[in-house]
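Asker: For reference, this is entry-v7.txt, and it has compact mmCIF, C-alpha atoms and all ligand atoms.
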```txt
# COMPACT_ATOMS: atom_id res chain seq x y z
CA MET A 1 -158.55 -76.93 52.07
CA ASN A 2 -161.93 -77.52 50.40
CA ASP A 3 -164.72 -75.05 50.15
CA LEU A 4 -167.65 -77.50 50.08
CA LYS A 5 -170.34 -75.05 49.11
CA PHE A 6 -168.53 -73.76 46.05
CA GLY A 7 -166.18 -76.64 45.33
CA ARG A 8 -163.10 -74.48 45.53
CA GLN A 9 -159.76 -75.90 46.50
CA THR A 10 -157.37 -73.45 48.09
CA ILE A 11 -153.76 -73.47 46.91
CA SER A 12 -150.78 -71.37 47.94
CA LEU A 13 -149.71 -68.37 45.87
CA GLU A 14 -146.44 -70.15 45.07
CA GLU A 15 -148.39 -73.12 43.68
CA ALA A 16 -150.66 -70.76 41.71
CA GLN A 17 -147.60 -69.04 40.22
CA ARG A 18 -146.05 -72.41 39.41
CA ARG A 19 -149.18 -73.50 37.54
CA VAL A 20 -149.35 -70.21 35.64
CA LEU A 21 -145.70 -70.36 34.62
CA GLN A 22 -146.04 -73.99 33.60
CA HIS A 23 -148.53 -72.93 30.93
CA VAL A 24 -146.63 -70.00 29.49
CA ARG A 25 -146.64 -69.78 25.71
CA LEU A 26 -143.62 -67.98 24.32
CA GLN A 27 -144.52 -65.03 22.15
CA GLU A 28 -143.64 -65.10 18.48
CA THR A 29 -140.69 -63.00 17.43
CA GLU A 30 -140.27 -60.16 14.95
CA GLU A 31 -137.47 -58.00 13.61
CA VAL A 32 -137.73 -54.30 14.29
CA PRO A 33 -135.48 -51.35 13.41
CA LEU A 34 -132.90 -50.68 16.15
CA PHE A 35 -134.57 -47.48 17.26
CA GLU A 36 -137.88 -49.28 17.82
CA ALA A 37 -136.30 -52.03 19.90
CA TYR A 38 -136.11 -49.80 22.97
CA GLY A 39 -138.13 -51.30 25.83
CA ARG A 40 -138.67 -54.63 24.05
CA ARG A 41 -137.28 -58.02 25.08
CA LEU A 42 -134.55 -59.52 22.94
CA ALA A 43 -135.38 -62.80 21.22
CA GLU A 44 -131.80 -63.82 20.48
CA ASN A 45 -128.45 -63.80 22.22
CA VAL A 46 -126.16 -61.13 20.83
CA CYS A 47 -122.44 -61.84 20.44
CA ALA A 48 -119.62 -59.53 19.44
CA GLY A 49 -119.20 -59.90 15.67
CA SER A 50 -115.69 -58.46 15.92
CA PRO A 51 -113.34 -57.57 18.78
CA LEU A 52 -114.11 -54.26 20.49
CA PRO A 53 -112.15 -52.18 19.76
CA HIS A 54 -111.03 -53.81 16.54
CA PHE A 55 -107.86 -51.68 16.27
CA ARG A 56 -105.40 -50.43 18.88
CA ARG A 57 -107.02 -47.19 19.92
CA SER A 58 -105.56 -44.09 21.50
CA GLY A 59 -107.24 -43.08 24.76
CA VAL A 60 -105.94 -39.49 24.68
CA ASP A 61 -104.88 -36.65 22.39
CA GLY A 62 -101.09 -36.67 22.27
CA TYR A 63 -98.16 -38.48 20.69
CA ALA A 64 -97.85 -42.19 19.93
CA LEU A 65 -94.30 -43.35 20.66
CA ARG A 66 -92.10 -46.16 21.88
CA ALA A 67 -92.14 -46.14 25.68
CA SER A 68 -88.48 -47.14 25.81
CA ASP A 69 -87.57 -43.83 24.11
CA THR A 70 -88.96 -41.87 27.06
CA ALA A 71 -86.87 -43.53 29.80
CA GLY A 72 -85.71 -40.82 32.21
CA ALA A 73 -87.97 -38.10 30.75
CA SER A 74 -89.41 -35.68 33.32
CA LEU A 75 -90.76 -32.15 33.56
CA ALA A 76 -87.20 -30.90 33.99
CA ALA A 77 -85.61 -33.21 31.42
CA ALA A 78 -87.50 -33.63 28.15
CA VAL A 79 -86.76 -36.27 25.53
CA CYS A 80 -87.03 -35.02 21.95
CA LEU A 81 -88.64 -37.22 19.29
CA GLU A 82 -89.10 -36.74 15.57
CA VAL A 83 -92.81 -36.38 14.60
CA VAL A 84 -93.31 -38.47 11.45
CA GLU A 85 -97.05 -38.07 10.86
CA THR A 86 -100.38 -36.94 12.29
CA VAL A 87 -103.18 -39.48 12.79
CA PRO A 88 -106.64 -37.94 13.03
CA CYS A 89 -109.69 -40.03 14.07
CA GLY A 90 -111.00 -42.23 11.32
CA SER A 91 -107.77 -42.45 9.34
CA VAL A 92 -105.19 -45.17 9.21
CA PRO A 93 -101.54 -44.44 10.09
CA VAL A 94 -99.18 -45.10 7.20
CA LYS A 95 -95.83 -44.95 8.98
CA THR A 96 -94.29 -47.34 11.46
CA ILE A 97 -92.83 -45.63 14.49
CA GLY A 98 -89.13 -46.36 14.76
CA PRO A 99 -86.70 -45.52 17.57
CA GLY A 100 -86.65 -41.78 18.31
CA GLN A 101 -89.91 -41.20 16.42
CA ALA A 102 -93.49 -40.26 17.34
CA ALA A 103 -96.83 -39.58 15.62
CA LYS A 104 -99.29 -36.92 16.67
CA ILE A 105 -102.58 -38.67 17.41
CA MET A 106 -106.17 -37.91 18.49
CA THR A 107 -108.38 -39.68 21.01
CA GLY A 108 -110.04 -42.65 19.31
CA ALA A 109 -107.52 -42.82 16.43
CA ALA A 110 -105.57 -45.95 15.48
CA VAL A 111 -102.15 -46.21 17.16
CA PRO A 112 -99.42 -46.71 14.52
CA GLU A 113 -97.34 -49.88 14.27
CA GLY A 114 -94.19 -49.71 16.30
CA ALA A 115 -95.68 -47.39 18.95
CA ASP A 116 -96.62 -48.95 22.28
CA ALA A 117 -97.76 -45.90 24.28
CA VAL A 118 -99.38 -42.50 23.82
CA VAL A 119 -98.26 -39.53 25.88
CA MET A 120 -100.86 -36.88 26.67
CA LEU A 121 -100.52 -33.62 24.80
CA GLU A 122 -100.31 -31.80 28.16
CA MET A 123 -96.98 -33.56 28.91
CA THR A 124 -95.35 -32.41 25.69
CA ASP A 125 -94.15 -29.33 23.85
CA ALA A 126 -94.11 -29.28 20.09
CA VAL A 127 -91.01 -27.68 18.76
CA HIS A 128 -90.26 -26.39 15.25
CA GLN A 129 -93.58 -27.69 14.01
CA GLU A 130 -94.38 -26.41 10.56
CA ILE A 131 -97.09 -27.25 8.11
CA GLY A 132 -96.04 -30.21 6.03
CA LEU A 133 -93.09 -30.98 8.26
CA GLY A 134 -93.53 -33.12 11.34
CA GLY A 135 -91.08 -31.24 13.47
CA THR A 136 -90.03 -32.39 16.87
CA VAL A 137 -91.85 -33.01 20.11
CA ALA A 138 -90.39 -32.62 23.58
CA VAL A 139 -91.81 -35.33 25.86
CA ARG A 140 -91.74 -34.58 29.59
CA LYS A 141 -92.94 -37.87 31.02
CA ALA A 142 -91.49 -41.40 31.16
CA MET A 143 -94.07 -43.76 29.66
CA ASN A 144 -94.72 -47.47 30.19
CA PRO A 145 -95.68 -49.81 27.36
CA GLY A 146 -99.46 -49.83 26.99
CA ASP A 147 -100.03 -46.40 28.55
CA ASN A 148 -103.13 -44.77 26.97
CA VAL A 149 -103.44 -47.50 24.34
CA THR A 150 -106.65 -49.55 24.36
CA PRO A 151 -105.69 -52.99 23.10
CA VAL A 152 -107.73 -54.85 20.49
CA GLY A 153 -110.63 -56.68 22.18
CA GLU A 154 -110.25 -54.96 25.56
CA GLU A 155 -114.02 -54.53 25.90
CA ALA A 156 -115.11 -57.66 24.09
CA ALA A 157 -113.43 -60.52 22.27
CA ALA A 158 -114.84 -61.60 18.91
CA GLY A 159 -117.66 -64.08 19.51
CA GLU A 160 -118.14 -63.14 23.18
CA GLN A 161 -121.81 -63.09 24.24
CA LEU A 162 -122.81 -59.59 25.27
CA LEU A 163 -126.62 -59.65 25.49
CA GLN A 164 -128.85 -62.40 26.78
CA LYS A 165 -132.12 -63.44 25.15
CA GLY A 166 -135.03 -62.10 27.20
CA CYS A 167 -133.27 -58.96 28.43
CA ILE A 168 -135.01 -55.61 28.02
CA VAL A 169 -133.39 -53.40 25.41
CA GLY A 170 -132.44 -50.22 27.26
CA PRO A 171 -129.95 -47.47 26.42
CA GLY A 172 -126.90 -49.64 27.17
CA GLU A 173 -128.17 -52.61 25.17
CA THR A 174 -129.03 -50.28 22.29
CA ALA A 175 -125.46 -48.95 22.29
CA VAL A 176 -124.11 -52.51 22.08
CA LEU A 177 -126.50 -53.39 19.25
CA ALA A 178 -125.50 -50.25 17.35
CA ALA A 179 -121.77 -50.84 17.89
CA PHE A 180 -122.06 -54.32 16.40
CA GLY A 181 -124.10 -53.28 13.40
CA HIS A 182 -127.57 -54.54 14.32
CA SER A 183 -129.80 -52.22 12.34
CA LEU A 184 -132.59 -54.78 12.80
CA VAL A 185 -133.18 -56.43 16.14
CA LYS A 186 -135.03 -59.67 16.82
CA VAL A 187 -137.46 -59.12 19.70
CA TYR A 188 -140.52 -60.86 21.12
CA LYS A 189 -143.84 -59.58 19.84
CA ARG A 190 -145.60 -57.67 22.57
CA PRO A 191 -148.33 -59.82 24.15
CA ARG A 192 -151.78 -58.47 23.29
CA VAL A 193 -154.00 -58.52 26.33
CA ALA A 194 -157.79 -58.21 26.07
CA ILE A 195 -159.06 -56.49 29.22
CA PHE A 196 -162.70 -56.95 30.20
CA SER A 197 -164.31 -55.16 33.13
CA THR A 198 -167.47 -56.86 34.30
CA GLY A 199 -170.18 -55.40 36.48
CA SER A 200 -173.57 -53.84 35.77
CA GLU A 201 -172.59 -50.99 38.11
CA LEU A 202 -169.80 -49.75 35.85
CA LEU A 203 -170.08 -46.40 34.09
CA PRO A 204 -167.76 -45.13 31.37
CA VAL A 205 -165.17 -42.56 32.46
CA ASP A 206 -166.94 -39.70 30.70
CA ALA A 207 -170.38 -40.45 32.19
CA PRO A 208 -171.88 -38.46 35.07
CA LEU A 209 -172.24 -40.43 38.30
CA GLU A 210 -175.55 -42.14 38.97
CA PRO A 211 -176.88 -43.55 42.23
CA GLY A 212 -175.50 -47.06 42.83
CA LYS A 213 -173.05 -46.85 39.96
CA ILE A 214 -169.32 -46.16 39.77
CA ARG A 215 -166.92 -45.27 36.99
CA GLY A 216 -164.92 -48.37 36.10
CA SER A 217 -161.28 -47.71 36.91
CA ASN A 218 -159.77 -51.20 36.94
CA GLY A 219 -159.62 -51.55 33.16
CA TYR A 220 -157.54 -48.40 32.79
CA MET A 221 -155.31 -49.38 35.69
CA LEU A 222 -154.75 -52.82 34.17
CA ALA A 223 -154.04 -51.27 30.77
CA CYS A 224 -151.16 -49.36 32.38
CA GLN A 225 -149.89 -52.45 34.17
CA VAL A 226 -149.98 -54.38 30.88
CA GLN A 227 -147.93 -51.68 29.18
CA GLN A 228 -145.42 -51.62 32.03
CA ALA A 229 -145.00 -55.35 31.49
CA GLY A 230 -144.29 -54.88 27.78
CA GLY A 231 -147.76 -55.86 26.57
CA VAL A 232 -150.36 -54.15 24.39
CA PRO A 233 -153.65 -53.58 26.20
CA LEU A 234 -156.88 -54.04 24.27
CA LEU A 235 -159.39 -52.24 26.42
CA MET A 236 -162.79 -53.83 25.75
CA PRO A 237 -166.19 -52.27 26.47
CA PHE A 238 -167.56 -52.85 29.98
CA LEU A 239 -169.72 -55.93 30.29
CA PRO A 240 -172.89 -56.28 32.34
CA ASP A 241 -173.26 -59.23 34.71
CA GLU A 242 -174.54 -61.66 32.04
CA THR A 243 -172.62 -64.87 31.57
CA ASP A 244 -173.75 -65.60 27.98
CA ARG A 245 -172.69 -62.16 26.87
CA LEU A 246 -169.35 -62.50 28.66
CA GLU A 247 -168.70 -65.84 27.00
CA ARG A 248 -169.49 -64.45 23.56
CA GLU A 249 -167.32 -61.37 24.00
CA LEU A 250 -164.36 -63.33 25.34
CA LEU A 251 -164.45 -65.69 22.39
CA ALA A 252 -164.87 -62.84 19.94
CA ALA A 253 -161.71 -61.20 21.32
CA ALA A 254 -159.69 -64.43 21.14
CA GLU A 255 -158.53 -63.72 17.59
CA GLN A 256 -156.83 -60.45 18.45
CA ALA A 257 -155.50 -61.32 21.88
CA ASP A 258 -152.82 -63.61 23.33
CA LEU A 259 -154.54 -63.68 26.70
CA TRP A 260 -157.56 -62.34 28.51
CA ILE A 261 -157.86 -60.51 31.80
CA THR A 262 -161.22 -60.01 33.41
CA THR A 263 -161.95 -58.01 36.52
CA GLY A 264 -164.97 -58.56 38.72
CA GLY A 265 -167.50 -61.34 39.04
CA VAL A 266 -165.10 -63.97 40.28
CA SER A 267 -166.30 -64.57 43.82
CA VAL A 268 -169.41 -66.34 45.02
CA GLY A 269 -172.21 -63.80 44.75
CA ASP A 270 -175.35 -64.28 42.66
CA LYS A 271 -173.96 -62.27 39.79
CA ASP A 272 -170.47 -63.64 39.71
CA VAL A 273 -170.34 -64.27 36.02
CA LEU A 274 -166.79 -65.57 35.86
CA ALA A 275 -167.49 -68.16 38.53
CA GLU A 276 -170.55 -69.15 36.49
CA LEU A 277 -168.59 -69.34 33.25
CA PHE A 278 -165.97 -71.62 34.84
CA GLY A 279 -168.79 -73.90 35.95
CA ARG A 280 -169.95 -74.59 32.39
CA TRP A 281 -167.14 -73.85 29.94
CA ASP A 282 -164.98 -76.30 28.02
CA GLY A 283 -161.72 -74.76 29.28
CA GLU A 284 -159.36 -76.03 31.97
CA LEU A 285 -159.40 -74.30 35.33
CA LEU A 286 -155.90 -74.10 36.84
CA PHE A 287 -157.20 -72.84 40.20
CA ASN A 288 -159.98 -70.74 41.64
CA LYS A 289 -158.86 -70.02 45.18
CA ILE A 290 -155.53 -68.81 46.50
CA ALA A 291 -154.55 -68.59 50.15
CA MET A 292 -153.89 -64.86 50.06
CA ARG A 293 -155.42 -61.53 50.84
CA PRO A 294 -156.48 -59.60 48.94
CA GLY A 295 -157.86 -61.52 45.99
CA SER A 296 -158.39 -65.04 47.30
CA PRO A 297 -161.00 -65.90 44.60
CA THR A 298 -158.55 -64.95 41.81
CA SER A 299 -158.87 -67.69 39.20
CA VAL A 300 -156.89 -68.69 36.15
CA GLY A 301 -157.95 -71.02 33.39
CA LEU A 302 -156.87 -72.10 29.92
CA TRP A 303 -159.36 -71.78 27.13
CA ARG A 304 -158.69 -72.34 23.44
CA ASP A 305 -154.97 -72.51 24.31
CA LYS A 306 -154.98 -69.07 25.90
CA PRO A 307 -154.85 -68.14 29.55
CA LEU A 308 -157.75 -66.32 31.13
CA PHE A 309 -156.83 -64.39 34.27
CA ALA A 310 -159.98 -63.71 36.26
CA LEU A 311 -159.06 -60.99 38.74
CA SER A 312 -161.20 -59.66 41.51
CA GLY A 313 -163.22 -56.49 40.95
CA ASN A 314 -161.98 -54.89 44.13
CA PRO A 315 -159.37 -52.45 42.87
CA GLY A 316 -156.69 -53.40 45.42
CA ALA A 317 -157.17 -57.10 44.80
CA CYS A 318 -157.19 -56.54 41.05
CA TYR A 319 -153.90 -54.64 41.21
CA VAL A 320 -152.21 -57.22 43.42
CA GLY A 321 -153.56 -60.12 41.36
CA PHE A 322 -152.03 -58.61 38.25
CA GLU A 323 -148.65 -58.10 39.89
CA LEU A 324 -148.46 -61.58 41.39
CA LEU A 325 -149.87 -63.62 38.50
CA VAL A 326 -150.31 -61.75 35.22
CA ARG A 327 -147.04 -59.83 35.20
CA PRO A 328 -144.97 -62.99 35.78
CA TYR A 329 -146.84 -64.62 32.88
CA LEU A 330 -146.24 -61.65 30.57
CA ARG A 331 -142.58 -61.54 31.52
CA ALA A 332 -142.09 -65.27 31.02
CA SER A 333 -143.87 -65.16 27.65
CA GLN A 334 -141.07 -62.82 26.52
CA GLU A 335 -138.42 -65.03 28.11
CA ALA A 336 -137.56 -62.75 31.04
CA PRO A 337 -134.91 -64.59 33.03
CA ASP A 338 -136.67 -64.18 36.40
CA PRO A 339 -140.38 -63.76 35.79
CA LEU A 340 -141.46 -63.64 39.44
CA PRO A 341 -141.20 -60.36 41.38
CA SER A 342 -137.84 -59.91 43.07
CA ALA A 343 -137.84 -59.84 46.86
CA ALA A 344 -135.95 -57.77 49.40
CA THR A 345 -136.02 -57.31 53.17
CA ALA A 346 -137.24 -54.00 54.58
CA ILE A 347 -137.99 -52.41 57.93
CA LEU A 348 -141.68 -51.83 58.53
CA ASP A 349 -142.37 -48.20 59.40
CA ALA A 350 -145.89 -48.67 60.81
CA ASP A 351 -147.90 -51.28 62.72
CA TYR A 352 -150.11 -53.48 60.57
CA ASP A 353 -152.97 -55.55 61.96
CA LYS A 354 -154.01 -58.48 59.91
CA GLY A 355 -157.51 -59.85 60.12
CA SER A 356 -157.18 -63.18 58.34
CA ALA A 357 -154.79 -66.11 58.71
CA TYR A 358 -153.97 -65.98 54.99
CA PRO A 359 -150.66 -64.48 53.82
CA ARG A 360 -151.25 -60.84 53.08
CA TYR A 361 -149.83 -58.74 50.23
CA ILE A 362 -150.08 -55.13 51.26
CA ARG A 363 -149.58 -52.32 48.81
CA GLY A 364 -146.50 -50.56 50.12
CA ALA A 365 -144.55 -47.33 49.66
CA SER A 366 -140.82 -47.76 50.18
CA ARG A 367 -137.84 -45.47 50.54
CA VAL A 368 -134.15 -46.01 51.14
CA GLU A 369 -132.69 -44.44 54.29
CA HIS A 370 -129.01 -44.85 55.23
CA GLY A 371 -128.76 -47.79 52.85
CA THR A 372 -131.77 -49.61 54.33
CA ILE A 373 -135.20 -50.06 52.75
CA ARG A 374 -138.04 -48.78 54.92
CA VAL A 375 -141.60 -49.50 53.94
CA ARG A 376 -145.09 -48.50 55.03
CA PRO A 377 -148.51 -49.46 53.80
CA ALA A 378 -149.55 -47.07 51.01
CA GLY A 379 -152.64 -45.42 52.48
CA ARG A 380 -155.43 -47.61 53.74
CA ASP A 381 -155.12 -51.24 52.77
CA LYS A 382 -158.56 -52.65 52.18
CA SER A 383 -159.03 -54.53 48.94
CA SER A 384 -161.86 -52.19 47.98
CA ILE A 385 -159.73 -49.09 48.38
CA MET A 386 -158.49 -47.68 45.12
CA VAL A 387 -156.72 -44.44 45.96
CA SER A 388 -153.84 -46.21 47.81
CA MET A 389 -152.53 -47.58 44.53
CA LYS A 390 -151.00 -44.34 43.35
CA GLU A 391 -148.22 -44.42 45.98
CA THR A 392 -147.58 -48.14 45.68
CA ASP A 393 -144.11 -49.23 44.61
CA CYS A 394 -143.89 -52.62 46.29
CA LEU A 395 -145.94 -55.28 48.05
CA ILE A 396 -145.30 -55.99 51.72
CA CYS A 397 -145.69 -59.73 52.38
CA LEU A 398 -146.92 -60.85 55.75
CA PRO A 399 -146.82 -64.63 56.13
CA ALA A 400 -149.71 -66.94 56.99
CA GLY A 401 -151.03 -66.96 60.53
CA GLY A 402 -150.11 -64.34 63.08
CA ARG A 403 -151.85 -61.07 63.68
CA GLY A 404 -149.79 -58.72 61.59
CA ALA A 405 -146.50 -57.00 62.14
CA ARG A 406 -145.20 -54.25 64.35
CA ARG A 407 -143.30 -51.14 63.41
CA GLY A 408 -139.56 -51.85 63.29
CA GLU A 409 -139.98 -55.52 62.31
CA LEU A 410 -138.21 -56.89 59.26
CA VAL A 411 -140.61 -57.78 56.46
CA ARG A 412 -140.30 -59.24 52.98
CA VAL A 413 -141.17 -56.87 50.15
CA LEU A 414 -141.75 -57.65 46.49
CA LYS A 415 -140.68 -55.22 43.82
CA ILE A 416 -143.42 -54.44 41.36
CA GLY A 417 -143.98 -52.57 38.16
CA ASP A 418 -141.01 -53.63 36.03
P1 LIG A 501 -166.80 -57.98 42.21
O1 LIG A 501 -165.45 -58.63 42.21
O2 LIG A 501 -167.45 -57.98 40.86
O3 LIG A 501 -167.66 -58.59 43.27
O4 LIG A 501 -166.58 -56.46 42.60
C1 LIG A 501 -166.04 -56.14 43.85
C2 LIG A 501 -166.08 -54.63 44.04
O5 LIG A 501 -165.22 -54.02 43.10
C3 LIG A 501 -167.42 -54.01 43.85
O6 LIG A 501 -167.56 -52.97 44.78
C4 LIG A 501 -167.36 -53.44 42.46
O7 LIG A 501 -168.22 -52.38 42.25
C5 LIG A 501 -165.92 -53.03 42.36
N1 LIG A 501 -165.49 -53.07 40.97
C6 LIG A 501 -165.72 -54.08 40.11
N2 LIG A 501 -165.22 -53.81 38.91
C7 LIG A 501 -164.64 -52.60 39.00
C8 LIG A 501 -163.93 -51.76 38.08
N3 LIG A 501 -163.75 -52.12 36.82
N4 LIG A 501 -163.47 -50.59 38.54
C9 LIG A 501 -163.64 -50.21 39.82
N5 LIG A 501 -164.29 -50.96 40.71
C10 LIG A 501 -164.80 -52.14 40.33
MG MG A 502 -169.24 -57.57 40.07
```
Turn the structure described in the file into structure tokens.
Answerer:
Amino acid sequence: MNDLKFGRQTISLEEAQRRVLQHVRLQETEEVPLFEAYGRRLAENVCAGSPLPHFRRSGVDGYALRASDTAGASLAAAVCLEVVETVPCGSVPVKTIGPGQAAKIMTGAAVPEGADAVVMLEMTDAVHQEIGLGGTVAVRKAMNPGDNVTPVGEEAAAGEQLLQKGCIVGPGETAVLAAFGHSLVKVYKRPRVAIFSTGSELLPVDAPLEPGKIRGSNGYMLACQVQQAGGVPLLMPFLPDETDRLERELLAAAEQADLWITTGGVSVGDKDVLAELFGRWDGELLFNKIAMRPGSPTSVGLWRDKPLFALSGNPGACYVGFELLVRPYLRASQEAPDPLPSAATAILDADYDKGSAYPRYIRGASRVEHGTIRVRPAGRDKSSIMVSMKETDCLICLPAGGRGARRGELVRVLKIGD
């Protein structure tokens, strides 16, 4: 579809996302101390450097023994074994367990040679035990070989891949890294994102309101979204609607930033400075119109090898534009395996009337009830409405055409914010 007046060609969101992802530049990598790796994306696959566990490990406190010695043992009929040593955690057993023998052992300690099972302390009675002398233990349970013994490599074989490049380092990943001795972890550098809010109506947060002016909220909102996506926001001063100034400031920020986001000035009004910049710059415009609501004029270009995401100034459109285009880019630049938002099916909990034929991405609030996702629009869904964002945890997608959707219909929802 061509917009003759403004020379805009409309593309689908899927095509816009494809073009964005085609131009992803992988972030550089860095090594950080293990503790600082939390929340970052791994830049290398991690394999087990040794089997886990690397010794036969007792799963209980009790006695290591030969299972065959306990045949026929029961609560009523104990089998007596000679206790030849005690193996606390962290020490190495020195004796081999022979027929009729046992070693007292703690959870996590190395099972001695010759033993093939550990009986729980609760199923035994120690008899004649004296300091320095092993004594005897009465075992009241028949054991099978392997009982309560964790074999070498049960959790991981040596060389087995445990963590995939691009995954987020969370508590579980950190435990794996620690267990395999990674005091330094190779991660992707966090993408630095210069955020520019444009609009001569914008006041700083600490300024009193003035007629015709508003406090700029999009920049702060975007800064949070950038952080959620693993990036570092560089919140730039608000810019008036002056294209020369915008151009200068964007270029000045290029040194410190991996990408730019602008908000505002991207549609077709007199003061739409981004639209004007795209008309005269030496960058490459990837698209400047998407068949979607909100945010159809959302534009993305490449300039000096960096992407410039020009999001709408309307808070709702700005939020949605970030989730559908910028977040996938940030994720992909840190090698996330699935950069696009994941989709699920949900039951719509309220009627929704749709004014335009474009696909619509409605800010939604979801909950799980009896194992089913139910979703409703988060507050009023006009692109200019800002307060609905606070409840938003997903986007409800209504396809092209049609007039909306009725309560009880199944709808597609996109997960956001991770
Ligand atoms: P624009 O995209 O510049 O035409 O702006 C669309 C609407 O969003 C206008 O009502 C603006 O005042 C508003 N707006 C633009 N930038 C911001 C911002 N940073 N924070 C909050 N609202 C904004
Ligand atoms: Mg504006």
Asker: Could you pull out the residues sitting within 8 Å of ligand LIG 501 (chain A), using only C-alpha atoms and all ligand atoms, and write them as a ChimeraX atom specification?
Answerer: /A:197-199,201-202,213-219,238,263-267,269,271-272,311-315,384,386
Asker: Region 295-298 of chain A: which residues within 8 Å, counting all atoms listed in the file, same-chain residues fewer than 4 positions away excluded, as a compact mmCIF listing (two decimals) with C-alpha atoms, in the coordinates of the input?
Answerer:
```
# COMPACT_ATOMS: atom_id res chain seq x y z
CA VAL A 266 -165.10 -63.97 40.28
CA SER A 267 -166.30 -64.57 43.82
CA ASN A 288 -159.98 -70.74 41.64
CA LYS A 289 -158.86 -70.02 45.18
CA ILE A 290 -155.53 -68.81 46.50
CA ALA A 291 -154.55 -68.59 50.15
CA PHE A 309 -156.83 -64.39 34.27
CA ALA A 310 -159.98 -63.71 36.26
CA LEU A 311 -159.06 -60.99 38.74
CA SER A 312 -161.20 -59.66 41.51
CA ALA A 317 -157.17 -57.10 44.80
CA CYS A 318 -157.19 -56.54 41.05
CA VAL A 320 -152.21 -57.22 43.42
CA GLY A 321 -153.56 -60.12 41.36
CA SER A 383 -159.03 -54.53 48.94
```
Asker: With distances taken over all atoms listed in the file, which of A:Thr96, A:Thr262, A:Leu184, A:Asn144 is nearest to ligand MG 502 (chain A)?
Answerer: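 Under the stated criterion, the closest residue is A:Thr262.
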Asker: For Asp258 (chain A), which of A:Ala77, A:Met143, A:Leu286, A:Leu26 is the closest residue, counting all atoms listed in the file?
Answerer: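 Comparing A:Ala77, A:Met143, A:Leu286, A:Leu26 against Asp258 (chain A), the winner is A:Leu26.
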Asker: Choose the residue, out of A:Glu255, A:Pro377, A:Pro88, A:Val326, that has the smallest atom-to-atom separation from Asp305 (chain A); count only C-alpha atoms.
Answerer: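 Answer, going by the shortest atom-to-atom distance: A:Glu255.
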Asker: Quick one: distance from CA of Arg367 (chain A) to CA of Ala229 (chain A) in Å, one decimal?
Answerer: 22.6 Å
